[in-house]
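Undergrad: See upload23.cif below, with mmCIF, N, CA and C atoms.
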data_work
#
loop_
_atom_site.label_atom_id
_atom_site.label_comp_id
_atom_site.auth_asym_id
_atom_site.auth_seq_id
_atom_site.Cartn_x
_atom_site.Cartn_y
_atom_site.Cartn_z
N MET A 31 -60.06 39.40 140.75
CA MET A 31 -59.38 38.56 139.81
C MET A 31 -60.18 38.50 138.51
N ASN A 32 -59.62 39.05 137.46
CA ASN A 32 -60.31 39.03 136.17
C ASN A 32 -59.93 37.79 135.38
N ASN A 33 -60.88 37.33 134.61
CA ASN A 33 -60.67 36.19 133.73
C ASN A 33 -60.74 36.67 132.29
N ARG A 34 -60.21 35.88 131.42
CA ARG A 34 -60.22 36.18 130.00
C ARG A 34 -60.85 35.00 129.27
N PRO A 35 -61.69 35.27 128.29
CA PRO A 35 -62.24 34.15 127.53
C PRO A 35 -61.10 33.36 126.89
N LEU A 36 -61.21 32.05 126.94
CA LEU A 36 -60.23 31.19 126.30
C LEU A 36 -60.82 30.70 124.98
N PHE A 37 -60.00 30.71 123.96
CA PHE A 37 -60.44 30.31 122.62
C PHE A 37 -59.93 28.90 122.31
N VAL A 38 -59.89 28.07 123.34
CA VAL A 38 -59.31 26.73 123.23
C VAL A 38 -60.40 25.68 123.30
N ASP A 39 -60.37 24.76 122.36
CA ASP A 39 -61.23 23.59 122.45
C ASP A 39 -60.34 22.48 123.02
N PHE A 40 -60.32 22.36 124.35
CA PHE A 40 -59.42 21.41 125.00
C PHE A 40 -59.69 19.98 124.54
N ASP A 41 -60.95 19.67 124.22
CA ASP A 41 -61.28 18.31 123.77
C ASP A 41 -60.55 17.95 122.47
N LEU A 42 -60.30 18.95 121.65
CA LEU A 42 -59.57 18.72 120.40
C LEU A 42 -58.17 18.18 120.68
N TYR A 43 -57.58 18.64 121.78
CA TYR A 43 -56.20 18.25 122.12
C TYR A 43 -56.14 17.08 123.09
N THR A 44 -57.21 16.91 123.89
CA THR A 44 -57.15 15.91 124.96
C THR A 44 -58.04 14.70 124.73
N HIS A 45 -58.86 14.73 123.71
CA HIS A 45 -59.77 13.62 123.39
C HIS A 45 -60.60 13.20 124.60
N ASP A 46 -61.13 14.20 125.32
CA ASP A 46 -62.01 13.99 126.48
C ASP A 46 -61.33 13.26 127.64
N ASP A 47 -60.01 13.28 127.69
CA ASP A 47 -59.27 12.66 128.80
C ASP A 47 -59.03 13.73 129.86
N PRO A 48 -59.77 13.68 130.99
CA PRO A 48 -59.66 14.73 132.01
C PRO A 48 -58.26 14.83 132.61
N ASP A 49 -57.56 13.72 132.75
CA ASP A 49 -56.20 13.77 133.30
C ASP A 49 -55.25 14.47 132.34
N PHE A 50 -55.39 14.17 131.06
CA PHE A 50 -54.53 14.83 130.08
C PHE A 50 -54.86 16.31 129.96
N LYS A 51 -56.16 16.63 130.08
CA LYS A 51 -56.56 18.04 130.04
C LYS A 51 -55.91 18.80 131.20
N LYS A 52 -55.94 18.21 132.38
CA LYS A 52 -55.33 18.85 133.54
C LYS A 52 -53.83 19.03 133.33
N GLU A 53 -53.19 18.02 132.77
CA GLU A 53 -51.76 18.09 132.50
C GLU A 53 -51.44 19.17 131.45
N LEU A 54 -52.24 19.22 130.39
CA LEU A 54 -52.04 20.22 129.35
C LEU A 54 -52.20 21.63 129.91
N ILE A 55 -53.24 21.83 130.69
CA ILE A 55 -53.46 23.15 131.29
C ILE A 55 -52.31 23.50 132.23
N GLY A 56 -51.82 22.53 132.97
CA GLY A 56 -50.68 22.76 133.85
C GLY A 56 -49.45 23.23 133.08
N LEU A 57 -49.20 22.61 131.93
CA LEU A 57 -48.07 23.02 131.09
C LEU A 57 -48.28 24.42 130.52
N MET A 58 -49.51 24.72 130.15
CA MET A 58 -49.81 26.05 129.62
C MET A 58 -49.66 27.12 130.71
N LEU A 59 -50.10 26.80 131.91
CA LEU A 59 -49.93 27.72 133.05
C LEU A 59 -48.45 28.01 133.27
N LYS A 60 -47.65 26.96 133.23
CA LYS A 60 -46.21 27.11 133.43
C LYS A 60 -45.61 27.99 132.33
N ASP A 61 -46.00 27.76 131.09
CA ASP A 61 -45.47 28.55 129.98
C ASP A 61 -45.82 30.03 130.10
N VAL A 62 -47.08 30.33 130.39
CA VAL A 62 -47.49 31.73 130.48
C VAL A 62 -46.80 32.41 131.66
N SER A 63 -46.69 31.71 132.78
CA SER A 63 -45.99 32.28 133.95
C SER A 63 -44.52 32.53 133.65
N GLU A 64 -43.89 31.57 132.97
CA GLU A 64 -42.48 31.73 132.60
C GLU A 64 -42.29 32.90 131.63
N LEU A 65 -43.22 33.07 130.72
CA LEU A 65 -43.12 34.19 129.79
C LEU A 65 -43.20 35.51 130.53
N GLN A 66 -44.11 35.61 131.49
CA GLN A 66 -44.22 36.82 132.31
C GLN A 66 -42.92 37.07 133.08
N SER A 67 -42.39 36.03 133.68
CA SER A 67 -41.14 36.16 134.45
C SER A 67 -39.98 36.54 133.55
N SER A 68 -39.96 35.97 132.36
CA SER A 68 -38.85 36.27 131.44
C SER A 68 -38.85 37.74 131.03
N LEU A 69 -40.03 38.32 130.89
CA LEU A 69 -40.09 39.74 130.54
C LEU A 69 -39.52 40.58 131.69
N ALA A 70 -39.89 40.27 132.90
CA ALA A 70 -39.38 41.01 134.06
C ALA A 70 -37.86 40.91 134.13
N LEU A 71 -37.33 39.71 133.92
CA LEU A 71 -35.88 39.52 133.97
C LEU A 71 -35.21 40.23 132.80
N ALA A 72 -35.80 40.14 131.61
CA ALA A 72 -35.24 40.82 130.44
C ALA A 72 -35.18 42.33 130.66
N GLN A 73 -36.20 42.88 131.29
CA GLN A 73 -36.21 44.32 131.58
C GLN A 73 -35.14 44.66 132.61
N GLU A 74 -35.06 43.84 133.65
CA GLU A 74 -34.09 44.08 134.71
C GLU A 74 -32.65 44.06 134.17
N LEU A 75 -32.36 43.08 133.30
CA LEU A 75 -31.01 42.92 132.77
C LEU A 75 -30.81 43.64 131.44
N ASP A 76 -31.85 44.29 130.96
CA ASP A 76 -31.83 44.97 129.66
C ASP A 76 -31.31 44.04 128.56
N ASP A 77 -31.94 42.85 128.50
CA ASP A 77 -31.52 41.81 127.56
C ASP A 77 -32.76 41.18 126.93
N VAL A 78 -33.16 41.69 125.78
CA VAL A 78 -34.38 41.23 125.10
C VAL A 78 -34.29 39.76 124.72
N SER A 79 -33.09 39.21 124.58
CA SER A 79 -32.96 37.81 124.16
C SER A 79 -33.57 36.85 125.18
N ILE A 80 -33.60 37.22 126.44
CA ILE A 80 -34.22 36.38 127.48
C ILE A 80 -35.70 36.21 127.17
N TYR A 81 -36.35 37.31 126.86
CA TYR A 81 -37.78 37.29 126.53
C TYR A 81 -38.02 36.57 125.20
N GLN A 82 -37.16 36.83 124.23
CA GLN A 82 -37.32 36.20 122.91
C GLN A 82 -37.21 34.68 123.00
N LYS A 83 -36.29 34.19 123.80
CA LYS A 83 -36.15 32.74 123.98
C LYS A 83 -37.40 32.15 124.62
N ALA A 84 -37.95 32.84 125.60
CA ALA A 84 -39.17 32.36 126.27
C ALA A 84 -40.35 32.36 125.29
N CYS A 85 -40.41 33.38 124.43
CA CYS A 85 -41.48 33.43 123.43
C CYS A 85 -41.38 32.23 122.50
N HIS A 86 -40.18 31.92 122.07
CA HIS A 86 -39.98 30.78 121.18
C HIS A 86 -40.39 29.48 121.87
N LYS A 87 -40.03 29.36 123.14
CA LYS A 87 -40.33 28.15 123.91
C LYS A 87 -41.83 27.91 124.03
N MET A 88 -42.59 28.98 124.14
CA MET A 88 -44.03 28.80 124.35
C MET A 88 -44.85 29.01 123.09
N ASN A 89 -44.23 28.89 121.95
CA ASN A 89 -44.94 29.07 120.68
C ASN A 89 -46.14 28.13 120.57
N SER A 90 -45.99 26.90 121.00
CA SER A 90 -47.11 25.94 120.94
C SER A 90 -48.27 26.40 121.82
N THR A 91 -47.96 26.89 123.00
CA THR A 91 -49.01 27.39 123.90
C THR A 91 -49.73 28.57 123.28
N LEU A 92 -48.98 29.48 122.66
CA LEU A 92 -49.62 30.62 121.99
C LEU A 92 -50.54 30.14 120.87
N THR A 93 -50.10 29.14 120.14
CA THR A 93 -50.91 28.59 119.05
C THR A 93 -52.19 27.97 119.60
N ILE A 94 -52.08 27.18 120.66
CA ILE A 94 -53.26 26.53 121.24
C ILE A 94 -54.22 27.57 121.82
N LEU A 95 -53.68 28.58 122.52
CA LEU A 95 -54.53 29.61 123.10
C LEU A 95 -55.28 30.40 122.02
N ASP A 96 -54.63 30.61 120.89
CA ASP A 96 -55.24 31.30 119.75
C ASP A 96 -55.87 32.63 120.16
N ASP A 97 -55.21 33.34 121.07
CA ASP A 97 -55.67 34.64 121.55
C ASP A 97 -54.93 35.71 120.75
N LYS A 98 -55.62 36.29 119.79
CA LYS A 98 -54.99 37.24 118.86
C LYS A 98 -54.39 38.44 119.59
N GLU A 99 -55.08 38.94 120.60
CA GLU A 99 -54.54 40.09 121.35
C GLU A 99 -53.24 39.70 122.05
N LEU A 100 -53.20 38.53 122.65
CA LEU A 100 -51.99 38.08 123.32
C LEU A 100 -50.87 37.89 122.31
N ILE A 101 -51.16 37.25 121.19
CA ILE A 101 -50.14 37.02 120.16
C ILE A 101 -49.58 38.36 119.68
N ASN A 102 -50.46 39.34 119.46
CA ASN A 102 -50.01 40.65 119.00
C ASN A 102 -49.16 41.37 120.03
N VAL A 103 -49.59 41.35 121.29
CA VAL A 103 -48.83 42.07 122.31
C VAL A 103 -47.49 41.38 122.60
N VAL A 104 -47.44 40.05 122.50
CA VAL A 104 -46.17 39.34 122.66
C VAL A 104 -45.20 39.82 121.59
N ALA A 105 -45.68 39.95 120.35
CA ALA A 105 -44.83 40.43 119.25
C ALA A 105 -44.41 41.89 119.45
N GLU A 106 -45.34 42.72 119.91
CA GLU A 106 -45.04 44.13 120.16
C GLU A 106 -43.96 44.28 121.24
N VAL A 107 -44.10 43.53 122.30
CA VAL A 107 -43.15 43.63 123.41
C VAL A 107 -41.76 43.16 122.98
N LYS A 108 -41.70 42.20 122.05
CA LYS A 108 -40.40 41.76 121.52
C LYS A 108 -39.64 42.94 120.91
N LYS A 109 -40.37 43.87 120.31
CA LYS A 109 -39.76 45.04 119.67
C LYS A 109 -39.28 46.07 120.69
N ASP A 110 -39.96 46.15 121.83
CA ASP A 110 -39.61 47.16 122.84
C ASP A 110 -40.04 46.68 124.22
N ILE A 111 -39.11 46.01 124.92
CA ILE A 111 -39.44 45.46 126.24
C ILE A 111 -39.59 46.54 127.31
N LYS A 112 -39.27 47.77 126.97
CA LYS A 112 -39.36 48.86 127.95
C LYS A 112 -40.62 49.71 127.77
N ASN A 113 -41.44 49.40 126.79
CA ASN A 113 -42.66 50.16 126.54
C ASN A 113 -43.65 49.89 127.67
N PRO A 114 -43.92 50.89 128.51
CA PRO A 114 -44.78 50.65 129.69
C PRO A 114 -46.22 50.26 129.34
N GLU A 115 -46.77 50.85 128.27
CA GLU A 115 -48.15 50.50 127.91
C GLU A 115 -48.22 49.06 127.40
N GLY A 116 -47.28 48.69 126.54
CA GLY A 116 -47.27 47.34 126.00
C GLY A 116 -47.03 46.29 127.07
N THR A 117 -46.07 46.56 127.96
CA THR A 117 -45.77 45.58 128.99
C THR A 117 -46.89 45.48 130.02
N SER A 118 -47.54 46.59 130.30
CA SER A 118 -48.67 46.57 131.24
C SER A 118 -49.82 45.74 130.66
N PHE A 119 -50.13 45.96 129.39
CA PHE A 119 -51.19 45.21 128.72
C PHE A 119 -50.82 43.73 128.66
N PHE A 120 -49.56 43.44 128.33
CA PHE A 120 -49.06 42.07 128.29
C PHE A 120 -49.27 41.38 129.64
N ASN A 121 -48.85 42.04 130.71
CA ASN A 121 -48.98 41.45 132.05
C ASN A 121 -50.44 41.25 132.45
N ARG A 122 -51.30 42.18 132.08
CA ARG A 122 -52.73 42.03 132.39
C ARG A 122 -53.31 40.83 131.65
N LEU A 123 -53.01 40.72 130.35
CA LEU A 123 -53.53 39.59 129.58
C LEU A 123 -53.02 38.27 130.15
N CYS A 124 -51.73 38.20 130.46
CA CYS A 124 -51.17 36.97 131.01
C CYS A 124 -51.85 36.59 132.32
N SER A 125 -52.04 37.56 133.20
CA SER A 125 -52.69 37.29 134.49
C SER A 125 -54.12 36.79 134.29
N GLU A 126 -54.85 37.41 133.37
CA GLU A 126 -56.23 36.99 133.11
C GLU A 126 -56.27 35.59 132.51
N ILE A 127 -55.34 35.29 131.62
CA ILE A 127 -55.28 33.95 131.01
C ILE A 127 -54.92 32.92 132.07
N ILE A 128 -53.98 33.24 132.94
CA ILE A 128 -53.62 32.32 134.03
C ILE A 128 -54.85 32.03 134.89
N ASN A 129 -55.60 33.06 135.25
CA ASN A 129 -56.82 32.85 136.05
C ASN A 129 -57.82 31.97 135.32
N SER A 130 -58.00 32.21 134.04
CA SER A 130 -58.96 31.41 133.26
C SER A 130 -58.50 29.97 133.13
N LEU A 131 -57.21 29.76 132.92
CA LEU A 131 -56.69 28.39 132.84
C LEU A 131 -56.87 27.66 134.17
N LYS A 132 -56.62 28.36 135.27
CA LYS A 132 -56.80 27.75 136.59
C LYS A 132 -58.26 27.37 136.81
N MET A 133 -59.18 28.22 136.35
CA MET A 133 -60.61 27.88 136.48
C MET A 133 -60.93 26.63 135.67
N ASN A 134 -60.37 26.53 134.47
CA ASN A 134 -60.61 25.35 133.63
C ASN A 134 -59.99 24.10 134.22
N GLN A 135 -58.96 24.29 135.02
CA GLN A 135 -58.30 23.15 135.65
C GLN A 135 -58.95 22.81 136.99
N GLY A 136 -59.84 23.70 137.45
CA GLY A 136 -60.53 23.45 138.71
C GLY A 136 -59.80 23.99 139.92
N GLN A 137 -58.76 24.84 139.70
CA GLN A 137 -58.02 25.39 140.83
C GLN A 137 -58.69 26.62 141.43
N LEU A 138 -59.52 27.30 140.64
CA LEU A 138 -60.19 28.51 141.11
C LEU A 138 -61.69 28.37 140.90
N GLU A 139 -62.44 28.99 141.77
CA GLU A 139 -63.88 29.06 141.60
C GLU A 139 -64.19 30.35 140.86
N PRO A 140 -65.20 30.36 140.00
CA PRO A 140 -65.58 31.59 139.31
C PRO A 140 -65.97 32.67 140.31
N SER A 141 -65.63 33.92 139.98
CA SER A 141 -66.02 35.05 140.81
C SER A 141 -67.49 35.34 140.58
N PRO A 142 -68.20 35.78 141.63
CA PRO A 142 -69.59 36.18 141.44
C PRO A 142 -69.68 37.33 140.44
N ALA A 143 -70.75 37.41 139.69
CA ALA A 143 -70.93 38.45 138.70
C ALA A 143 -70.81 39.82 139.36
N GLY A 144 -70.08 40.71 138.68
CA GLY A 144 -69.96 42.07 139.18
C GLY A 144 -68.83 42.26 140.17
N PHE A 145 -68.06 41.25 140.46
CA PHE A 145 -66.96 41.40 141.43
C PHE A 145 -65.63 41.22 140.76
#
What's the structure tokens form of this structure?
TA:
Amino acid sequence: MNNRPLFVDFDLYTHDDPDFKKELIGLMLKDVSELQSSLALAQELDDVSIYQKACHKMNSTLTILDDKELINVVAEVKKDIKNPEGTSFFNRLCSEIINSLKMNQGQLEPSPAGF
């Protein structure tokens, strides 16, 4: 399970409230997972609007994450949902971000170095 560095200062959004931080991370996890699912459905139905709507819905999460690579690949995939390299990179980034968010929420333990 790979993790991705998060560029989020959660304290800026949660004011050191651990319950709110957990809730915020939960919402972000849901958004990123839904975005991944929307791409799969958009590809299956050959309907880019499904993915575009999900992108619009999670705009706040993208802003908070401030992950330039993710923002760029989300935009690239909007142009071509069938591009295998773009969608593969998109799915890898989403999975890594989900793992990192879960670690920040305390759902996952960090992997030992080198594994």
Undergrad: Counting only C-alpha atoms, which residue out of A:Leu65, A:Leu131, A:Ile80, A:Leu59 sits closest to Phe40 in chain A?
TA: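 Under the stated criterion, the closest residue is A:Leu131.
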Undergrad: What does the PyMOL selection byres (((chain A and resi 91 and name CA) around 12) and name CA) select in this file, as a PyMOL selection string?
TA: chain A and resi 37-38+43+54-65+84-90+92-97+100-101+127+131
Undergrad: Just want the 12 Å neighbourhood of Asp110 in chain A, counted on only C-alpha atoms, with same-chain residues fewer than 3 positions away dropped. Output as a PyMOL selection string.
TA: chain A and resi 69+72-73+76-79+81-82+103-107+113-117
Undergrad: Mind giving me the straight-line distance from atom C of Glu126 in chain A to CA of Asn33 in chain A in Å, one decimal?
TA: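 Here the two named atoms are 4.6 Å from each other.
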Undergrad: Kindly list the centre and edge lengths in Å, rounded to one decimal, for the axis-aligned box that covers all listed atoms of range 35-43 of chain A plus 6 Å on each of its six sides, as AutoDock Vina command-line options.
TA:
--center_x -59.2 --center_y 26.2 --center_z 124.3 --size_x 18.1 --size_y 30.2 --size_z 19.9
Undergrad: Pick from A:Ile111, A:Gln135, A:Ala70, A:Ser125: nearest to Lys51 in chain A, with only N, CA and C atoms counted?
TA: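 Of A:Ile111, A:Gln135, A:Ala70, A:Ser125, the one nearest Lys51 in chain A, counting only N, CA and C atoms, is A:Gln135.
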Undergrad: Quick one, how far is atom N of Ile128 in chain A from atom N of Lys52 in chain A?
TA: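 Atom-to-atom, atom N of Ile128 in chain A and atom N of Lys52 in chain A are spaced 15.2 Å apart.
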Undergrad: In Å, how far is it from CA of Leu123 in chain A to atom C of Phe50 in chain A?
TA: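 The value is 23.3 Å.
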